[in-house]
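Asker: Just one file: target.cif, with mmCIF, C-alpha atoms.
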data_work
loop_
_atom_site.group_PDB
_atom_site.id
_atom_site.type_symbol
_atom_site.label_atom_id
_atom_site.label_comp_id
_atom_site.auth_asym_id
_atom_site.auth_seq_id
_atom_site.Cartn_x
_atom_site.Cartn_y
_atom_site.Cartn_z
ATOM 1 C CA ARG A 1 0.000 0.000 0.000
ATOM 2 C CA ASN A 2 1.086 3.541 -0.629
ATOM 3 C CA TYR A 3 0.366 6.554 1.535
ATOM 4 C CA HIS A 4 0.862 9.940 -0.122
ATOM 5 C CA GLY A 5 0.912 13.228 1.734
ATOM 6 C CA HIS A 6 4.280 14.104 3.250
ATOM 7 C CA LEU A 7 6.019 16.858 1.296
ATOM 8 C CA SER A 8 9.456 15.322 1.859
ATOM 9 C CA GLY A 9 11.118 12.216 3.320
ATOM 10 C CA VAL A 10 9.446 10.060 5.984
ATOM 11 C CA TYR A 11 11.763 9.431 8.952
ATOM 12 C CA CYS A 12 9.613 7.395 11.350
ATOM 13 C CA ALA A 13 6.440 5.320 11.548
ATOM 14 C CA ALA A 14 4.356 3.579 14.201
ATOM 15 C CA LEU A 15 1.236 1.442 14.118
ATOM 16 C CA HIS A 16 -1.361 2.108 16.792
ATOM 17 C CA PRO A 17 -1.652 -0.949 19.077
ATOM 18 C CA THR A 18 -5.458 -1.141 19.077
ATOM 19 C CA LEU A 19 -6.761 1.042 16.226
ATOM 20 C CA ASP A 20 -6.232 0.578 12.491
ATOM 21 C CA LEU A 21 -4.029 3.646 12.293
ATOM 22 C CA LEU A 22 -0.544 4.341 10.977
ATOM 23 C CA VAL A 23 1.360 7.376 12.257
ATOM 24 C CA THR A 24 4.278 8.839 10.291
ATOM 25 C CA GLY A 25 6.679 11.727 10.823
ATOM 26 C CA GLY A 26 8.873 13.408 8.302
ATOM 27 C CA ARG A 27 11.183 16.092 7.092
ATOM 28 C CA ASP A 28 8.211 18.350 6.354
ATOM 29 C CA SER A 29 7.861 18.838 10.164
ATOM 30 C CA THR A 30 4.457 17.142 10.302
ATOM 31 C CA VAL A 31 3.006 14.073 11.958
ATOM 32 C CA ARG A 32 0.442 12.363 9.764
ATOM 33 C CA VAL A 33 -2.197 9.874 10.835
ATOM 34 C CA TRP A 34 -3.523 7.389 8.275
ATOM 35 C CA ASP A 35 -6.370 4.882 8.171
ATOM 36 C CA VAL A 36 -4.585 1.583 7.500
ATOM 37 C CA ARG A 37 -7.590 0.018 5.758
ATOM 38 C CA THR A 38 -8.255 2.810 3.266
ATOM 39 C CA CYS A 39 -4.868 4.642 3.153
ATOM 40 C CA ALA A 40 -6.852 7.841 3.715
ATOM 41 C CA PRO A 41 -5.371 10.661 5.802
ATOM 42 C CA VAL A 42 -7.063 11.124 9.184
ATOM 43 C CA HIS A 43 -5.029 14.030 10.643
ATOM 44 C CA VAL A 44 -2.132 16.254 9.657
ATOM 45 C CA LEU A 45 -0.548 17.404 12.916
ATOM 46 C CA GLY A 46 1.556 20.531 12.508
ATOM 47 C CA GLY A 47 3.568 22.344 15.141
ATOM 48 C CA HIS A 48 7.108 21.027 15.028
ATOM 49 C CA GLN A 49 9.607 23.466 13.519
ATOM 50 C CA ASN A 50 11.951 20.836 12.078
ATOM 51 C CA THR A 51 12.146 17.185 10.987
ATOM 52 C CA VAL A 52 10.049 14.736 13.024
ATOM 53 C CA CYS A 53 12.422 11.888 13.946
ATOM 54 C CA ALA A 54 10.317 9.713 16.257
ATOM 55 C CA VAL A 55 6.647 8.844 16.773
ATOM 56 C CA SER A 56 4.951 6.535 19.265
ATOM 57 C CA THR A 57 1.365 5.638 20.045
ATOM 58 C CA GLN A 58 -0.314 4.171 23.096
ATOM 59 C CA ALA A 59 -3.529 2.270 23.694
ATOM 60 C CA ALA A 60 -4.273 3.590 27.214
ATOM 61 C CA GLU A 61 -5.402 6.942 25.893
ATOM 62 C CA PRO A 62 -5.794 7.990 22.273
ATOM 63 C CA GLN A 63 -2.463 9.789 22.164
ATOM 64 C CA ILE A 64 0.492 10.229 19.833
ATOM 65 C CA ILE A 65 3.918 11.317 21.038
ATOM 66 C CA SER A 66 6.443 12.830 18.631
ATOM 67 C CA GLY A 67 10.036 14.028 18.867
ATOM 68 C CA ALA A 68 11.852 16.292 16.440
ATOM 69 C CA HIS A 69 15.046 18.094 15.470
ATOM 70 C CA ASP A 70 13.504 21.259 16.963
ATOM 71 C CA SER A 71 14.401 19.762 20.393
ATOM 72 C CA THR A 72 10.757 19.349 21.408
ATOM 73 C CA VAL A 73 8.475 16.478 22.298
ATOM 74 C CA ARG A 74 4.821 16.946 21.429
ATOM 75 C CA LEU A 75 1.878 15.081 22.890
ATOM 76 C CA TRP A 76 -1.077 14.932 20.535
ATOM 77 C CA ASP A 77 -4.724 14.225 21.282
ATOM 78 C CA LEU A 78 -5.514 11.609 18.650
ATOM 79 C CA ALA A 79 -9.294 11.984 18.886
ATOM 80 C CA ALA A 80 -9.252 15.781 18.519
ATOM 81 C CA GLY A 81 -6.302 15.918 16.118
ATOM 82 C CA LYS A 82 -4.505 18.672 17.989
ATOM 83 C CA SER A 83 -1.530 19.284 20.247
ATOM 84 C CA ARG A 84 -2.055 18.594 23.930
ATOM 85 C CA ALA A 85 1.380 19.667 25.210
ATOM 86 C CA THR A 86 4.814 20.725 23.993
ATOM 87 C CA LEU A 87 7.780 19.645 26.113
ATOM 88 C CA THR A 88 10.819 21.890 25.715
ATOM 89 C CA ASN A 89 13.224 20.379 28.278
ATOM 90 C CA HIS A 90 15.654 18.910 25.730
ATOM 91 C CA LYS A 91 18.424 21.139 24.412
ATOM 92 C CA LYS A 92 19.180 19.066 21.272
ATOM 93 C CA SER A 93 17.311 16.991 18.660
ATOM 94 C CA VAL A 94 14.926 14.359 19.997
ATOM 95 C CA ARG A 95 15.542 11.255 17.883
ATOM 96 C CA ALA A 96 14.049 8.392 19.890
ATOM 97 C CA LEU A 97 10.975 7.661 22.016
ATOM 98 C CA ALA A 98 9.744 4.611 23.924
ATOM 99 C CA ILE A 99 6.508 4.078 25.829
ATOM 100 C CA HIS A 100 6.510 1.914 28.957
ATOM 101 C CA PRO A 101 3.949 -0.876 28.382
ATOM 102 C CA LYS A 102 2.607 -0.850 31.957
ATOM 103 C CA GLU A 103 3.716 2.278 33.808
ATOM 104 C CA TYR A 104 1.827 5.000 31.854
ATOM 105 C CA SER A 105 5.088 6.805 31.148
ATOM 106 C CA PHE A 106 7.505 7.311 28.271
ATOM 107 C CA VAL A 107 11.108 8.283 27.614
ATOM 108 C CA SER A 108 12.592 10.647 25.052
ATOM 109 C CA ALA A 109 16.228 10.810 23.992
ATOM 110 C CA SER A 110 18.559 13.457 22.672
ATOM 111 C CA PRO A 111 22.349 13.865 22.912
ATOM 112 C CA ASP A 112 22.003 15.759 26.219
ATOM 113 C CA ASN A 113 20.241 12.835 28.003
ATOM 114 C CA ILE A 114 17.221 10.571 28.226
ATOM 115 C CA LYS A 115 14.208 12.060 29.984
ATOM 116 C CA LYS A 116 11.343 10.167 31.582
ATOM 117 C CA TRP A 117 7.830 11.646 31.491
ATOM 118 C CA LYS A 118 4.412 10.808 32.925
ATOM 119 C CA CYS A 119 1.502 10.354 30.529
ATOM 120 C CA PRO A 120 -0.824 11.863 29.425
ATOM 121 C CA ASP A 121 0.369 15.455 29.969
ATOM 122 C CA GLY A 122 4.137 15.006 29.935
ATOM 123 C CA GLU A 123 4.926 15.742 33.558
ATOM 124 C CA PHE A 124 8.727 15.478 33.925
ATOM 125 C CA MET A 125 9.845 12.589 36.150
ATOM 126 C CA GLN A 126 13.643 12.244 35.878
ATOM 127 C CA ASN A 127 16.807 12.405 33.766
ATOM 128 C CA LEU A 128 18.648 9.220 32.836
ATOM 129 C CA SER A 129 22.310 9.622 31.934
ATOM 130 C CA GLY A 130 24.929 7.332 30.454
ATOM 131 C CA HIS A 131 25.253 8.254 26.801
ATOM 132 C CA ASN A 132 27.424 11.083 25.511
ATOM 133 C CA THR A 133 26.272 10.771 21.926
ATOM 134 C CA ILE A 134 23.243 10.888 19.663
ATOM 135 C CA ILE A 135 20.776 8.212 20.781
ATOM 136 C CA GLN A 136 19.123 6.669 17.736
ATOM 137 C CA ALA A 137 16.882 3.978 19.241
ATOM 138 C CA MET A 138 15.215 2.915 22.510
ATOM 139 C CA ALA A 139 12.889 0.196 23.745
ATOM 140 C CA VAL A 140 11.272 -0.636 27.103
ATOM 141 C CA ASN A 141 9.953 -4.055 28.126
ATOM 142 C CA GLU A 142 7.191 -4.911 30.608
ATOM 143 C CA ASP A 143 9.725 -5.288 33.431
ATOM 144 C CA GLY A 144 10.855 -1.697 32.937
ATOM 145 C CA VAL A 145 14.196 -2.576 31.333
ATOM 146 C CA LEU A 146 15.200 0.303 29.070
ATOM 147 C CA VAL A 147 17.694 -0.293 26.280
ATOM 148 C CA SER A 148 19.157 2.455 24.150
ATOM 149 C CA GLY A 149 21.526 2.581 21.231
ATOM 150 C CA GLY A 150 23.601 5.475 20.050
ATOM 151 C CA ASP A 151 26.330 6.522 17.670
ATOM 152 C CA ASN A 152 29.044 5.444 20.084
#
Can you dump the structure from the file as structure tokens?

Answerer:
Amino acid sequence: RNYHGHLSGVYCAALHPTLDLLVTGGRDSTVRVWDVRTCAPVHVLGGHQNTVCAVSTQAAEPQIISGAHDSTVRLWDLAAGKSRATLTNHKKSVRALAIHPKEYSFVSASPDNIKKWKCPDGEFMQNLSGHNTIIQAMAVNEDGVLVSGGDN
């Protein structure tokens, strides 16, 4: 299937865990939501000022989380199709996100550090250090084990 709409390259994608939705982010600074069955666009979420590098979705609440080169994390209300919060705590590009499967929290990563947040409004919880590089990928399992991979 083909989905047409981004004005430039697509850098990330995520399937919603319970709804037939695909979420993509790209160099055009938008997050796009697609109906998987029809390939039709559902929402175009604008607000980032630079390339969207990471998107995640969660089943607990209809929410999308995105991270971008503009150093922000945005929390989107999926039902309303609008921004719920903009988190500006990172000082460099946010390239990776991971949602905890049980804890109702998520992490975001940039070269300055990994930050842990509470859903659904993005209340800051703590900084996690250890990398001194660009973090490109993260994952969290049900036991709360966080793995991250970077350029070093």

Asker: What is the distance, in Å and to one decimal place, between CA of Leu7 in chain A and CA of Glu61 in chain A?

Answerer: 28.9 Å

Asker: Which neighbours of range 12-18 of chain A fall inside 12 Å, counting all atoms listed in the file, when residues of the same chain fewer than 5 positions from it are skipped, and could you give them as a PDB file with C-alpha atoms, keeping the file's coordinate frame?

Answerer:
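And here is the file that came out, part-v7.pdb:
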ATOM      1  CA  TYR A   3       0.366   6.554   1.535  1.00  0.00           C
ATOM      2  CA  HIS A   6       4.280  14.104   3.250  1.00  0.00           C
ATOM      3  CA  VAL A  23       1.360   7.376  12.257  1.00  0.00           C
ATOM      4  CA  THR A  24       4.278   8.839  10.291  1.00  0.00           C
ATOM      5  CA  GLY A  25       6.679  11.727  10.823  1.00  0.00           C
ATOM      6  CA  GLY A  26       8.873  13.408   8.302  1.00  0.00           C
ATOM      7  CA  ARG A  27      11.183  16.092   7.092  1.00  0.00           C
ATOM      8  CA  SER A  29       7.861  18.838  10.164  1.00  0.00           C
ATOM      9  CA  THR A  30       4.457  17.142  10.302  1.00  0.00           C
ATOM     10  CA  VAL A  31       3.006  14.073  11.958  1.00  0.00           C
ATOM     11  CA  ARG A  32       0.442  12.363   9.764  1.00  0.00           C
ATOM     12  CA  VAL A  33      -2.197   9.874  10.835  1.00  0.00           C
ATOM     13  CA  TRP A  34      -3.523   7.389   8.275  1.00  0.00           C
ATOM     14  CA  ASP A  35      -6.370   4.882   8.171  1.00  0.00           C
ATOM     15  CA  VAL A  36      -4.585   1.583   7.500  1.00  0.00           C
ATOM     16  CA  THR A  51      12.146  17.185  10.987  1.00  0.00           C
ATOM     17  CA  VAL A  52      10.049  14.736  13.024  1.00  0.00           C
ATOM     18  CA  CYS A  53      12.422  11.888  13.946  1.00  0.00           C
ATOM     19  CA  ALA A  54      10.317   9.713  16.257  1.00  0.00           C
ATOM     20  CA  VAL A  55       6.647   8.844  16.773  1.00  0.00           C
ATOM     21  CA  SER A  56       4.951   6.535  19.265  1.00  0.00           C
ATOM     22  CA  THR A  57       1.365   5.638  20.045  1.00  0.00           C
ATOM     23  CA  GLN A  58      -0.314   4.171  23.096  1.00  0.00           C
ATOM     24  CA  ALA A  59      -3.529   2.270  23.694  1.00  0.00           C
ATOM     25  CA  ALA A  60      -4.273   3.590  27.214  1.00  0.00           C
ATOM     26  CA  GLU A  61      -5.402   6.942  25.893  1.00  0.00           C
ATOM     27  CA  PRO A  62      -5.794   7.990  22.273  1.00  0.00           C
ATOM     28  CA  GLN A  63      -2.463   9.789  22.164  1.00  0.00           C
ATOM     29  CA  ILE A  64       0.492  10.229  19.833  1.00  0.00           C
ATOM     30  CA  ILE A  65       3.918  11.317  21.038  1.00  0.00           C
ATOM     31  CA  SER A  66       6.443  12.830  18.631  1.00  0.00           C
ATOM     32  CA  GLY A  67      10.036  14.028  18.867  1.00  0.00           C
ATOM     33  CA  ALA A  68      11.852  16.292  16.440  1.00  0.00           C
ATOM     34  CA  LEU A  78      -5.514  11.609  18.650  1.00  0.00           C
ATOM     35  CA  ARG A  95      15.542  11.255  17.883  1.00  0.00           C
ATOM     36  CA  ALA A  96      14.049   8.392  19.890  1.00  0.00           C
ATOM     37  CA  LEU A  97      10.975   7.661  22.016  1.00  0.00           C
ATOM     38  CA  ALA A  98       9.744   4.611  23.924  1.00  0.00           C
ATOM     39  CA  ILE A  99       6.508   4.078  25.829  1.00  0.00           C
ATOM     40  CA  PRO A 101       3.949  -0.876  28.382  1.00  0.00           C
ATOM     41  CA  GLN A 136      19.123   6.669  17.736  1.00  0.00           C
ATOM     42  CA  ALA A 137      16.882   3.978  19.241  1.00  0.00           C
TER      43      ALA A 137
END

Asker: So, with only C-alpha atoms as the atoms that count, which of A:Lys82, A:Lys92, A:Arg1, A:Arg74 lies closest to Ile134 in chain A?

Answerer: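 Residue with the minimum atom-to-atom distance to Ile134 in chain A: A:Lys92.
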
Asker: Can you list, as a CSV table (one decimal) with C-alpha atoms, keeping the file's coordinate frame, the residues that the PyMOL selection byres ((chain A and resi 115) around 10) selects here?

Answerer:
chain,number,residue,atom,x,y,z
A,89,ASN,CA,13.2,20.4,28.3
A,90,HIS,CA,15.7,18.9,25.7
A,97,LEU,CA,11.0,7.7,22.0
A,106,PHE,CA,7.5,7.3,28.3
A,107,VAL,CA,11.1,8.3,27.6
A,108,SER,CA,12.6,10.6,25.1
A,109,ALA,CA,16.2,10.8,24.0
A,110,SER,CA,18.6,13.5,22.7
A,112,ASP,CA,22.0,15.8,26.2
A,113,ASN,CA,20.2,12.8,28.0
A,114,ILE,CA,17.2,10.6,28.2
A,116,LYS,CA,11.3,10.2,31.6
A,117,TRP,CA,7.8,11.6,31.5
A,124,PHE,CA,8.7,15.5,33.9
A,125,MET,CA,9.8,12.6,36.2
A,126,GLN,CA,13.6,12.2,35.9
A,127,ASN,CA,16.8,12.4,33.8
A,128,LEU,CA,18.6,9.2,32.8
A,129,SER,CA,22.3,9.6,31.9

Asker: Provide the CA of Asp28 in chain A to CA of Ser8 in chain A distance in Å, to one decimal place.

Answerer: 5.6 Å

Asker: With all atoms listed in the file as the atoms that count, which of A:Ser83, A:Asn152, A:Ser71, A:Asn2 lies nearest to Asn132 in chain A?

Answerer: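 Looking at the shortest contact to Asn132 in chain A, the residue is A:Asn152.
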
Asker: To one decimal place, how far is CA of Gly46 in chain A from CA of Val10 in chain A in Å?

Answerer: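 Between CA of Gly46 in chain A and CA of Val10 in chain A the gap works out to 14.6 Å.
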
Asker: Might you pull out every residue within 9 Å of His100 in chain A, with all atoms listed in the file counted and same-chain residues fewer than 3 positions away left off, and present them as an MDAnalysis selection string?

Answerer: chainID A and resid 103:107 139:142 144 146

Asker: Could those residues be written to a file, using C-alpha atoms, as a compact mmCIF listing (two decimals), in the frame of the given file?

Answerer:
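And here is the file that came out, again_17.txt:
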# COMPACT_ATOMS: atom_id res chain seq x y z
CA GLU A 103 3.72 2.28 33.81
CA TYR A 104 1.83 5.00 31.85
CA SER A 105 5.09 6.80 31.15
CA PHE A 106 7.50 7.31 28.27
CA VAL A 107 11.11 8.28 27.61
CA ALA A 139 12.89 0.20 23.74
CA VAL A 140 11.27 -0.64 27.10
CA ASN A 141 9.95 -4.06 28.13
CA GLU A 142 7.19 -4.91 30.61
CA GLY A 144 10.86 -1.70 32.94
CA LEU A 146 15.20 0.30 29.07

Asker: Kindly provide, as JSON, the centre and edge lengths (Å, one decimal) of an axis-aligned box around all atoms of range 50-67 of chain A given in the file, with 4 Å on each side.

Answerer:
{"center_x": 3.3, "center_y": 11.6, "center_z": 19.1, "size_x": 26.2, "size_y": 26.6, "size_z": 24.2}

Asker: Which of these, A:His4, A:Lys91, A:His131, A:Lys102, has the shortest distance to Ala40 in chain A once you count all atoms listed in the file?

Answerer: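 Checking each candidate against Ala40 in chain A, we get A:His4 as the closest.
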
Asker: I need the residue nearest Asp121 in chain A from this list: A:Asp20, A:Asp70, A:Asp77, A:Asp143. Use only C-alpha atoms for the distance.

Answerer: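 Of A:Asp20, A:Asp70, A:Asp77, A:Asp143, the one nearest Asp121 in chain A is A:Asp77, counting only C-alpha atoms.
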